[in-house]
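These notes concern the structure reproduced below.
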Amino acid sequence: MYLYNSAARKKQEFIPNTPGVVKMYTCGPTVYHFAHIGNLRSYIMEDVLEKYLRFAGYEVRRAMNITDVGHLSSDGDTGEDKMLKGARREHKTVMEIAKFYTDAFFADCSQLNIRRPDKVQPATSCIDKYIEVISRLLEKGYAYEAGGNVYFDTSQLKRYYVFNDFRKDDLAVGVREGVEADDNKRHKNDFVLWFTKSKFEDQALKWDSPWGVGYPGWHIECSCISMQNLGEYLDIHCGGVDNAFPHHTNEIAQSEAYLGHKWCNFWFHVQHLNTADGKMSKSKGEFLTVSLLKERGYDPLAYRFFCLQSHYRKALVFTWENLDNAAVAYNKLIARIAALDPEKGPADEDAAQALLASFRAAMDNDLNTGNAVTALYDILKAEAPDAVKLRAIDLADSVLSLDLLKKAAAQRERNARAPKAGQFAVIFEDGVEDQAARDLMEQRQAAKKARNFAEADRLRDEAAALGYTVMDVPGGVKLTRK
Ligand code: AMP
Ligand code: ZN
């Protein structure tokens, strides 16, 4: 399998450190608000990556943090802690906010069929590890104390800018317009490992440390949670592209300074979901969430389908029209799968695997999900028994997670219940067949044909006595349980 590695700036063959086992880390959400569908684009694509690695035969060990402390409004270590801002907005405690939005995040994930990583660790539960790593960085001369905070000294590194060769000035943080520079920093890109002095004295969560009562910086959280759960050698680290600098750059700096060796081989960055007027964000424009999609009548999986149609390394523009087009294509795909007959077999496993060749080729080529979706149409068109096609689609969907077979089966069921031309259909609204009620309805239909309306009404009353409301619909009758 070939994946684009941001650290090498090219596609490389993906080979994990330990044969057959992949250690994967993902930057988790900052739980001060709902996730917007841009955040969720990143988590959908990371989910597909994890599932495809499993599909390809790897055992995947995956960890993710939940940022519930230390993420300031500006990536340059200034501004307010986002959690505190959320708590103030909603007149709740920081821990209440963290719990509420962590649950909301996983509820959104489950609606989008995003699997929960094996290990999920809130940043507030890893304080000892931060203290251990920061202490070691101080001992090794990679960190310094100034003005009460502990900073990482980026000048100690031979190469700090791992992901780009941009001019330092272009990337310097903490010196952007309107953001106050931190005078304690020896170099512009030095970053905080541990805060004790903050402009915001009311920081809710604080812990004792060798440097005074305070709280960790955001970057150290991910390094430590990754090392604690996955060890000293990481195979792949994921996140949205905005995290490449400074967050991931700083993670590499401190992890490798602490470990004394290379830490992570592959860096997987998902490009942004943008609105027509730029990057989607929680503070700007319409706040697009999974709940909003549902309110507007969209199946959350139609959004997943929309994301999968594009490559993760291309920026994707969200408009309602684009989502409509994806929803239509998704429903058409389901209808075509529903038209396959599961009884037309045999469902030969080797034949199903053979049908997956173009799906695999697409995914092996830097997770090209757009082509992988196209490969589903090739499977539908292939010369093979329907049961084989269904098996192949089911296997592909163990990665794409679009509920294709489940939805196709429901569609088939609906098709079977829909009245056929010239036929009289008895539709049970809840899908539960009741032979006695069916008999009554067929007798009623015969009575109506014979223009014996009194008998027809009597039979309707009998059905009512069985607990049904009877409604005439085109081509038949619908029974709803009262
Ligand atoms: P946050 O909750 O802000 O820490 O972000 C969670 C994840 O969403 C991170 O991996 C971000 O890089 C990613 N992200 C933020 N904005 C977008 C966007 N517009 N499109 C895709 N991913 C995003
Ligand atoms: Zn992170």
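Residues are referred to by chain and number: the chain letter is A, B, ... according to the order shown in the structure tokens, the number counts from 1 in that chain, and ligands are numbered separately from 1 in the order shown.
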**Study point:** Spatial neighbours of Gln12 of chain A, max dist 12 Å, only C-alpha atoms, sep filter under 6 positions, as a ChimeraX atom specification
**Key:** /A:1-6,265-268,364-366
Practice item. Tell me, as number ranges by chain, which residues lie within 9 Å of Ser310 of chain A, counting only C-alpha atoms; anything in the same chain fewer than 3 positions away does not count. Key: A: 306-307, 313-316, 368-371
Practice item. Select the residues contacting ligand 2 at a distance of at most 9 Å, based on only C-alpha atoms and all ligand atoms, then format the selection as a list in words. Key: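 Counting only what the definition allows, namely only C-alpha atoms and all ligand atoms, the set is Tyr25, Thr26, Cys27, Gly28, Pro29, Met64, Asn65, Thr67, Trp218, His219, Ile220, Glu221, Cys222, Ser223, His237, Cys238, Gly239, Asn243, His247, His248 and Glu251 of chain A.
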Requested write-out: N, CA, C and O atoms of the selected residues, as an mmCIF file, in the first residue's frame:
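So the final result, stored in again30.cif, reads:
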```
data_model
loop_
_atom_site.group_PDB
_atom_site.id
_atom_site.type_symbol
_atom_site.label_atom_id
_atom_site.label_comp_id
_atom_site.auth_asym_id
_atom_site.auth_seq_id
_atom_site.Cartn_x
_atom_site.Cartn_y
_atom_site.Cartn_z
ATOM 1 N N TYR A 25 -1.980 6.829 15.623
ATOM 2 C CA TYR A 25 -2.448 7.852 16.568
ATOM 3 C C TYR A 25 -3.215 8.940 15.813
ATOM 4 O O TYR A 25 -2.831 9.331 14.715
ATOM 5 N N THR A 26 -4.279 9.408 16.440
ATOM 6 C CA THR A 26 -5.109 10.454 15.838
ATOM 7 C C THR A 26 -5.301 11.593 16.832
ATOM 8 O O THR A 26 -5.622 11.335 17.998
ATOM 9 N N CYS A 27 -5.129 12.824 16.377
ATOM 10 C CA CYS A 27 -5.458 13.964 17.239
ATOM 11 C C CYS A 27 -6.967 14.006 17.425
ATOM 12 O O CYS A 27 -7.719 14.065 16.455
ATOM 13 N N GLY A 28 -7.376 13.987 18.667
ATOM 14 C CA GLY A 28 -8.811 13.971 18.962
ATOM 15 C C GLY A 28 -9.393 15.376 19.017
ATOM 16 O O GLY A 28 -8.679 16.365 18.843
ATOM 17 N N PRO A 29 -10.669 15.461 19.276
ATOM 18 C CA PRO A 29 -11.337 16.764 19.272
ATOM 19 C C PRO A 29 -11.049 17.587 20.530
ATOM 20 O O PRO A 29 -10.749 17.027 21.582
ATOM 21 N N MET A 64 -6.312 7.759 20.572
ATOM 22 C CA MET A 64 -6.728 9.144 20.304
ATOM 23 C C MET A 64 -6.880 9.890 21.629
ATOM 24 O O MET A 64 -7.308 9.297 22.620
ATOM 25 N N ASN A 65 -6.535 11.149 21.628
ATOM 26 C CA ASN A 65 -6.736 11.972 22.834
ATOM 27 C C ASN A 65 -8.075 12.686 22.759
ATOM 28 O O ASN A 65 -8.668 12.815 21.687
ATOM 29 N N THR A 67 -8.986 16.449 23.885
ATOM 30 C CA THR A 67 -8.386 17.661 24.454
ATOM 31 C C THR A 67 -9.397 18.354 25.354
ATOM 32 O O THR A 67 -10.353 18.969 24.879
ATOM 33 N N TRP A 218 -0.948 22.194 24.866
ATOM 34 C CA TRP A 218 -1.722 21.275 24.028
ATOM 35 C C TRP A 218 -0.833 20.238 23.331
ATOM 36 O O TRP A 218 -1.168 19.050 23.261
ATOM 37 N N HIS A 219 0.347 20.682 22.854
ATOM 38 C CA HIS A 219 1.169 19.772 22.043
ATOM 39 C C HIS A 219 1.688 18.588 22.843
ATOM 40 O O HIS A 219 1.724 17.465 22.349
ATOM 41 N N ILE A 220 2.073 18.832 24.083
ATOM 42 C CA ILE A 220 2.666 17.755 24.898
ATOM 43 C C ILE A 220 1.635 16.647 25.147
ATOM 44 O O ILE A 220 1.983 15.482 25.323
ATOM 45 N N GLU A 221 0.365 17.031 25.127
ATOM 46 C CA GLU A 221 -0.692 16.034 25.377
ATOM 47 C C GLU A 221 -0.621 14.906 24.362
ATOM 48 O O GLU A 221 -0.636 13.724 24.707
ATOM 49 N N CYS A 222 -0.561 15.289 23.098
ATOM 50 C CA CYS A 222 -0.615 14.252 22.058
ATOM 51 C C CYS A 222 0.641 13.375 22.099
ATOM 52 O O CYS A 222 0.544 12.156 21.970
ATOM 53 N N SER A 223 1.817 13.988 22.275
ATOM 54 C CA SER A 223 3.042 13.174 22.342
ATOM 55 C C SER A 223 2.927 12.147 23.462
ATOM 56 O O SER A 223 3.252 10.970 23.287
ATOM 57 N N HIS A 237 0.641 8.819 12.160
ATOM 58 C CA HIS A 237 -0.011 9.851 12.968
ATOM 59 C C HIS A 237 -0.923 10.629 12.033
ATOM 60 O O HIS A 237 -0.512 11.017 10.945
ATOM 61 N N CYS A 238 -2.179 10.845 12.471
ATOM 62 C CA CYS A 238 -3.170 11.491 11.596
ATOM 63 C C CYS A 238 -3.693 12.785 12.198
ATOM 64 O O CYS A 238 -3.708 12.946 13.417
ATOM 65 N N GLY A 239 -4.215 13.619 11.332
ATOM 66 C CA GLY A 239 -4.878 14.842 11.782
ATOM 67 C C GLY A 239 -5.261 15.696 10.583
ATOM 68 O O GLY A 239 -4.849 15.399 9.450
ATOM 69 N N ASN A 243 -3.230 21.068 11.494
ATOM 70 C CA ASN A 243 -2.440 20.646 12.642
ATOM 71 C C ASN A 243 -0.962 20.367 12.316
ATOM 72 O O ASN A 243 -0.158 20.166 13.216
ATOM 73 N N HIS A 247 1.226 22.301 15.537
ATOM 74 C CA HIS A 247 0.960 21.219 16.489
ATOM 75 C C HIS A 247 1.831 19.968 16.228
ATOM 76 O O HIS A 247 2.555 19.509 17.120
ATOM 77 N N HIS A 248 1.765 19.428 15.027
ATOM 78 C CA HIS A 248 2.519 18.181 14.777
ATOM 79 C C HIS A 248 4.017 18.427 14.739
ATOM 80 O O HIS A 248 4.815 17.581 15.148
ATOM 81 N N GLU A 251 4.968 18.372 18.217
ATOM 82 C CA GLU A 251 4.919 16.995 18.752
ATOM 83 C C GLU A 251 6.201 16.246 18.396
ATOM 84 O O GLU A 251 6.778 15.546 19.227
#
```
List the neighbours of Arg458 of chain A out to 9 Å using only C-alpha atoms; skip same-chain residues closer than 5 positions along the sequence, and give me the result as a JSON list (two decimals) with N, CA, C and O atoms, in the first residue's frame.
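Resulting contents of result-v5.json:
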```
[["chain", "number", "residue", "atom", "x", "y", "z"],
["A", 444, "ARG", "N", -62.32, -8.24, 1.87],
["A", 444, "ARG", "CA", -62.91, -6.90, 1.72],
["A", 444, "ARG", "C", -62.77, -6.42, 0.28],
["A", 444, "ARG", "O", -63.70, -5.83, -0.29],
["A", 453, "PHE", "N", -70.82, -3.06, -0.44],
["A", 453, "PHE", "CA", -70.08, -2.13, 0.41],
["A", 453, "PHE", "C", -70.38, -2.34, 1.90],
["A", 453, "PHE", "O", -69.53, -2.09, 2.74],
["A", 463, "ALA", "N", -61.19, -5.87, 11.03],
["A", 463, "ALA", "CA", -59.75, -5.56, 11.08],
["A", 463, "ALA", "C", -59.47, -4.58, 12.21],
["A", 463, "ALA", "O", -58.46, -4.70, 12.93]]
```
Can I get the residues of chain A within 7 Å of ligand 1, each with the closest pair of atoms and their distance in Å to one decimal, using only C-alpha atoms and all ligand atoms, sorted chain first then ascending number, as a Markdown table?
```
| residue | atom | partner | partner_atom_place_in_ligand_line | distance |
| --- | --- | --- | --- | --- |
| A:Cys27 | CA | ligand 1 | 10 (O) | 5.5 |
| A:Gly28 | CA | ligand 1 | 6 (C) | 5.9 |
| A:Pro29 | CA | ligand 1 | 2 (O) | 3.6 |
| A:Thr30 | CA | ligand 1 | 2 (O) | 4.0 |
| A:Val31 | CA | ligand 1 | 2 (O) | 6.5 |
| A:Ala35 | CA | ligand 1 | 2 (O) | 6.5 |
| A:Gly38 | CA | ligand 1 | 20 (N) | 3.6 |
| A:Asn39 | CA | ligand 1 | 8 (O) | 3.5 |
| A:Leu40 | CA | ligand 1 | 8 (O) | 6.6 |
| A:Arg41 | CA | ligand 1 | 21 (C) | 5.3 |
| A:Ser42 | CA | ligand 1 | 22 (N) | 4.7 |
| A:Gly239 | CA | ligand 1 | 10 (O) | 3.8 |
| A:Gly240 | CA | ligand 1 | 12 (O) | 3.0 |
| A:Val241 | CA | ligand 1 | 12 (O) | 5.5 |
| A:Asp242 | CA | ligand 1 | 12 (O) | 5.0 |
| A:Asn243 | CA | ligand 1 | 12 (O) | 4.9 |
| A:Val270 | CA | ligand 1 | 22 (N) | 6.5 |
| A:Gln271 | CA | ligand 1 | 21 (C) | 5.9 |
| A:His272 | CA | ligand 1 | 20 (N) | 3.3 |
| A:Leu273 | CA | ligand 1 | 20 (N) | 3.9 |
| A:Asn274 | CA | ligand 1 | 19 (N) | 5.7 |
| A:Lys279 | CA | ligand 1 | 19 (N) | 5.2 |
| A:Met280 | CA | ligand 1 | 19 (N) | 4.3 |
| A:Ser281 | CA | ligand 1 | 19 (N) | 6.1 |
```
Spatial neighbours of Ala354 of chain A, max dist 9 Å, only C-alpha atoms, sep filter under 4 positions, as a PDB file with N, CA and C atoms, in the first residue's frame:
```pdb
ATOM      1  N   GLU A 349     -16.462 -17.276  -2.474  1.00  0.00           N
ATOM      2  CA  GLU A 349     -15.596 -16.288  -1.811  1.00  0.00           C
ATOM      3  C   GLU A 349     -14.439 -15.840  -2.721  1.00  0.00           C
ATOM      4  N   ASP A 350     -13.833 -16.798  -3.417  1.00  0.00           N
ATOM      5  CA  ASP A 350     -12.710 -16.432  -4.302  1.00  0.00           C
ATOM      6  C   ASP A 350     -13.182 -15.506  -5.412  1.00  0.00           C
ATOM      7  N   ALA A 392     -18.953  -9.215  -2.561  1.00  0.00           N
ATOM      8  CA  ALA A 392     -17.834  -8.285  -2.830  1.00  0.00           C
ATOM      9  C   ALA A 392     -18.172  -6.890  -2.293  1.00  0.00           C
TER      10      ALA A 392
END
```
Check your understanding: Can you list every residue in segment 269-357 of chain A that DSSP puts in strand (DSSP E or B), as a list in words?
Key ->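 Strand (DSSP E or B) members of segment 269-357 of chain A, listed: His269, Val270, Leu273, Asn274, Thr275, Gly278, Lys279, Leu316 and Val317 of chain A.
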Okay, now the selection with N, CA, C and O atoms, as an mmCIF file, in the first residue's frame?
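Writing done, so here's again34.cif:
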```cif
data_model
loop_
_atom_site.group_PDB
_atom_site.id
_atom_site.type_symbol
_atom_site.label_atom_id
_atom_site.label_comp_id
_atom_site.auth_asym_id
_atom_site.auth_seq_id
_atom_site.Cartn_x
_atom_site.Cartn_y
_atom_site.Cartn_z
ATOM 1 N N HIS A 269 -2.230 13.619 6.595
ATOM 2 C CA HIS A 269 -2.967 14.876 6.828
ATOM 3 C C HIS A 269 -4.158 15.001 5.889
ATOM 4 O O HIS A 269 -4.010 14.888 4.674
ATOM 5 N N VAL A 270 -5.305 15.255 6.481
ATOM 6 C CA VAL A 270 -6.537 15.394 5.695
ATOM 7 C C VAL A 270 -6.745 16.875 5.382
ATOM 8 O O VAL A 270 -6.691 17.715 6.282
ATOM 9 N N LEU A 273 -12.322 20.692 4.719
ATOM 10 C CA LEU A 273 -13.636 20.933 4.137
ATOM 11 C C LEU A 273 -13.831 22.439 4.225
ATOM 12 O O LEU A 273 -13.697 23.021 5.307
ATOM 13 N N ASN A 274 -14.119 23.052 3.091
ATOM 14 C CA ASN A 274 -14.305 24.501 3.064
ATOM 15 C C ASN A 274 -15.739 24.852 2.706
ATOM 16 O O ASN A 274 -16.434 24.050 2.081
ATOM 17 N N THR A 275 -16.132 26.026 3.099
ATOM 18 C CA THR A 275 -17.408 26.535 2.588
ATOM 19 C C THR A 275 -17.052 27.419 1.393
ATOM 20 O O THR A 275 -15.868 27.659 1.132
ATOM 21 N N GLY A 278 -14.485 29.998 2.294
ATOM 22 C CA GLY A 278 -13.232 29.679 2.976
ATOM 23 C C GLY A 278 -13.355 28.525 3.936
ATOM 24 O O GLY A 278 -14.329 27.772 3.909
ATOM 25 N N LYS A 279 -12.349 28.395 4.810
ATOM 26 C CA LYS A 279 -12.276 27.268 5.740
ATOM 27 C C LYS A 279 -13.475 27.268 6.688
ATOM 28 O O LYS A 279 -13.876 28.308 7.182
ATOM 29 N N LEU A 316 -12.108 20.166 -0.093
ATOM 30 C CA LEU A 316 -13.448 19.810 -0.550
ATOM 31 C C LEU A 316 -14.375 20.970 -0.208
ATOM 32 O O LEU A 316 -14.345 21.484 0.913
ATOM 33 N N VAL A 317 -15.174 21.388 -1.194
ATOM 34 C CA VAL A 317 -16.079 22.514 -0.932
ATOM 35 C C VAL A 317 -17.463 21.978 -0.597
ATOM 36 O O VAL A 317 -18.029 21.195 -1.352
#
```
Might you pull out every residue within 10 Å of Asn415 of chain A, with only C-alpha atoms counted and same-chain residues fewer than 5 positions away left off, and present them as a JSON list (two decimals) with N, CA, C and O atoms, in the first residue's frame?
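Written output follows (around14.json):
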```
[["chain", "number", "residue", "atom", "x", "y", "z"],
["A", 335, "ALA", "N", -30.20, 1.62, -4.61],
["A", 335, "ALA", "CA", -31.27, 1.02, -5.44],
["A", 335, "ALA", "C", -30.68, -0.04, -6.37],
["A", 335, "ALA", "O", -31.29, -1.10, -6.59],
["A", 338, "ALA", "N", -29.96, -3.04, -4.39],
["A", 338, "ALA", "CA", -31.23, -3.68, -4.02],
["A", 338, "ALA", "C", -31.78, -4.52, -5.17],
["A", 338, "ALA", "O", -32.51, -5.50, -4.94],
["A", 339, "ALA", "N", -31.42, -4.13, -6.39],
["A", 339, "ALA", "CA", -31.93, -4.88, -7.56],
["A", 339, "ALA", "C", -31.24, -6.23, -7.72],
["A", 339, "ALA", "O", -31.66, -7.07, -8.50],
["A", 409, "ALA", "N", -31.17, -4.13, 1.55],
["A", 409, "ALA", "CA", -32.15, -5.13, 2.01],
["A", 409, "ALA", "C", -33.45, -4.43, 2.42],
["A", 409, "ALA", "O", -34.54, -4.91, 2.10],
["A", 410, "ALA", "N", -33.32, -3.30, 3.09],
["A", 410, "ALA", "CA", -34.53, -2.55, 3.49],
["A", 410, "ALA", "C", -35.27, -2.07, 2.25],
["A", 410, "ALA", "O", -36.51, -2.11, 2.20],
["A", 420, "LYS", "N", -47.75, -4.06, -6.82],
["A", 420, "LYS", "CA", -47.31, -4.28, -8.21],
["A", 420, "LYS", "C", -48.49, -3.91, -9.12],
["A", 420, "LYS", "O", -49.66, -3.97, -8.70]]
```
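Take the candidates A:Pro385, A:Pro300, A:Gly231, A:Gly57 and check each one against Gly345 of chain A using only C-alpha atoms; the shortest distance goes to A:Pro385.
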Review point. Within 7 Å of Val22 of chain A, counting only C-alpha atoms, which residues qualify if same-chain residues fewer than 2 places away don't, as a PyMOL selection string?
Key: chain A and resi 16+20+24+58-61+235
Serialized selection, all heavy atoms, as a PDB file, in the first residue's frame:
```pdb
ATOM      1  N   PRO A  16       4.954  -0.940   8.291  1.00  0.00           N
ATOM      2  CA  PRO A  16       5.019  -0.655   9.730  1.00  0.00           C
ATOM      3  C   PRO A  16       6.300  -1.192  10.359  1.00  0.00           C
ATOM      4  O   PRO A  16       6.972  -2.050   9.786  1.00  0.00           O
ATOM      5  CB  PRO A  16       3.789  -1.375  10.290  1.00  0.00           C
ATOM      6  CG  PRO A  16       3.421  -2.392   9.281  1.00  0.00           C
ATOM      7  CD  PRO A  16       3.975  -1.966   7.950  1.00  0.00           C
ATOM      8  N   GLY A  20       2.969  -6.725  10.290  1.00  0.00           N
ATOM      9  CA  GLY A  20       1.589  -7.124  10.600  1.00  0.00           C
ATOM     10  C   GLY A  20       0.867  -6.270  11.618  1.00  0.00           C
ATOM     11  O   GLY A  20      -0.337  -6.421  11.804  1.00  0.00           O
ATOM     12  N   MET A  24      -1.258   3.415  15.362  1.00  0.00           N
ATOM     13  CA  MET A  24      -1.836   4.603  14.716  1.00  0.00           C
ATOM     14  C   MET A  24      -2.338   5.580  15.775  1.00  0.00           C
ATOM     15  O   MET A  24      -3.035   5.175  16.695  1.00  0.00           O
ATOM     16  CB  MET A  24      -2.991   4.097  13.846  1.00  0.00           C
ATOM     17  CG  MET A  24      -3.818   5.138  13.164  1.00  0.00           C
ATOM     18  SD  MET A  24      -4.971   4.297  12.022  1.00  0.00           S
ATOM     19  CE  MET A  24      -5.945   5.695  11.487  1.00  0.00           C
ATOM     20  N   TYR A  58      -3.712  -6.091   8.473  1.00  0.00           N
ATOM     21  CA  TYR A  58      -2.943  -5.632   9.638  1.00  0.00           C
ATOM     22  C   TYR A  58      -3.786  -5.675  10.909  1.00  0.00           C
ATOM     23  O   TYR A  58      -5.007  -5.484  10.862  1.00  0.00           O
ATOM     24  CB  TYR A  58      -2.493  -4.176   9.451  1.00  0.00           C
ATOM     25  CG  TYR A  58      -1.472  -3.975   8.374  1.00  0.00           C
ATOM     26  CD1 TYR A  58      -1.812  -3.361   7.169  1.00  0.00           C
ATOM     27  CD2 TYR A  58      -0.157  -4.401   8.554  1.00  0.00           C
ATOM     28  CE1 TYR A  58      -0.874  -3.174   6.167  1.00  0.00           C
ATOM     29  CE2 TYR A  58       0.793  -4.209   7.552  1.00  0.00           C
ATOM     30  CZ  TYR A  58       0.421  -3.603   6.369  1.00  0.00           C
ATOM     31  OH  TYR A  58       1.353  -3.408   5.389  1.00  0.00           O
ATOM     32  N   GLU A  59      -3.086  -5.880  12.012  1.00  0.00           N
ATOM     33  CA  GLU A  59      -3.729  -5.648  13.302  1.00  0.00           C
ATOM     34  C   GLU A  59      -3.458  -4.171  13.604  1.00  0.00           C
ATOM     35  O   GLU A  59      -2.304  -3.740  13.585  1.00  0.00           O
ATOM     36  CB  GLU A  59      -3.054  -6.545  14.355  1.00  0.00           C
ATOM     37  CG  GLU A  59      -3.592  -6.332  15.732  1.00  0.00           C
ATOM     38  CD  GLU A  59      -2.680  -6.933  16.797  1.00  0.00           C
ATOM     39  OE1 GLU A  59      -1.948  -7.922  16.518  1.00  0.00           O
ATOM     40  OE2 GLU A  59      -2.678  -6.374  17.909  1.00  0.00           O
ATOM     41  N   VAL A  60      -4.515  -3.397  13.838  1.00  0.00           N
ATOM     42  CA  VAL A  60      -4.317  -1.956  14.057  1.00  0.00           C
ATOM     43  C   VAL A  60      -4.539  -1.631  15.530  1.00  0.00           C
ATOM     44  O   VAL A  60      -5.562  -2.007  16.100  1.00  0.00           O
ATOM     45  CB  VAL A  60      -5.283  -1.105  13.195  1.00  0.00           C
ATOM     46  CG1 VAL A  60      -5.031   0.379  13.404  1.00  0.00           C
ATOM     47  CG2 VAL A  60      -5.150  -1.469  11.722  1.00  0.00           C
ATOM     48  N   ARG A  61      -3.549  -0.981  16.127  1.00  0.00           N
ATOM     49  CA  ARG A  61      -3.734  -0.469  17.499  1.00  0.00           C
ATOM     50  C   ARG A  61      -3.804   1.040  17.382  1.00  0.00           C
ATOM     51  O   ARG A  61      -2.863   1.661  16.879  1.00  0.00           O
ATOM     52  CB  ARG A  61      -2.557  -0.863  18.381  1.00  0.00           C
ATOM     53  CG  ARG A  61      -2.517  -2.367  18.538  1.00  0.00           C
ATOM     54  CD  ARG A  61      -1.442  -2.827  19.481  1.00  0.00           C
ATOM     55  NE  ARG A  61      -1.139  -4.221  19.183  1.00  0.00           N
ATOM     56  CZ  ARG A  61       0.012  -4.818  19.399  1.00  0.00           C
ATOM     57  NH1 ARG A  61       1.001  -4.157  19.953  1.00  0.00           N
ATOM     58  NH2 ARG A  61       0.187  -6.086  19.071  1.00  0.00           N
ATOM     59  N   ASP A 235       3.747   4.181  13.977  1.00  0.00           N
ATOM     60  CA  ASP A 235       3.777   3.978  12.522  1.00  0.00           C
ATOM     61  C   ASP A 235       3.133   5.118  11.762  1.00  0.00           C
ATOM     62  O   ASP A 235       3.625   5.536  10.732  1.00  0.00           O
ATOM     63  CB  ASP A 235       3.060   2.662  12.165  1.00  0.00           C
ATOM     64  CG  ASP A 235       3.811   1.472  12.696  1.00  0.00           C
ATOM     65  OD1 ASP A 235       5.008   1.347  12.363  1.00  0.00           O
ATOM     66  OD2 ASP A 235       3.230   0.687  13.479  1.00  0.00           O
TER      67      ASP A 235
END
```
Practice item. Step one, run DSSP on the backbone; step two, keep only residues of segment 346-466 of chain A assigned to helix (DSSP H, G or I); then write them as a PyMOL selection string. Key: chain A and resi 349-355+357-364+369-381+386-400+404-417+435-449+453-465
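With distances restricted to only C-alpha atoms, A:Leu395 is the closest residue to Lys51 of chain A from A:Leu395, A:Cys126, A:Ala351, A:Ala104.
Picture a line from atom CA of Leu390 of chain A to atom CA of Arg414 of chain A; it runs 18.5 Å.
Nearest to Ala347 of chain A of all the residues A:Asp394, A:Glu321, A:Asp81, A:Glu13 is A:Asp394, counting only C-alpha atoms.
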Could you produce a table of the residues of segment 117-157 of chain A lying within 8 Å of segment 209-212 of chain A, with the nearest pair of atoms per residue and their separation in Å rounded to one decimal, using only C-alpha atoms, ordered by chain and increasing residue number, as a tab-separated table?
```
residue	atom	partner	partner_atom	distance
A:Ile131	CA	A:Ser209	CA	6.9
A:Gly148	CA	A:Trp211	CA	7.2
A:Asn149	CA	A:Trp211	CA	7.5
A:Val150	CA	A:Trp211	CA	7.7
```
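Contact shell of Leu292 of chain A at 12 Å (only C-alpha atoms; same-chain neighbours under 2 positions omitted): Phe34, Ala35, His36, Ile37, Asp108, Glu286, Phe287, Leu288, Thr289, Val290, Lys294, Glu295, Arg296, Gly297, Tyr298, Asp299, Pro300, Tyr303 and Trp320 of chain A.
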Point to revise | Nearest residue to Ser255 of chain A from the set A:Arg89, A:Val69, A:Tyr161, A:Arg136 (distances using only C-alpha atoms) | key: A:Arg136
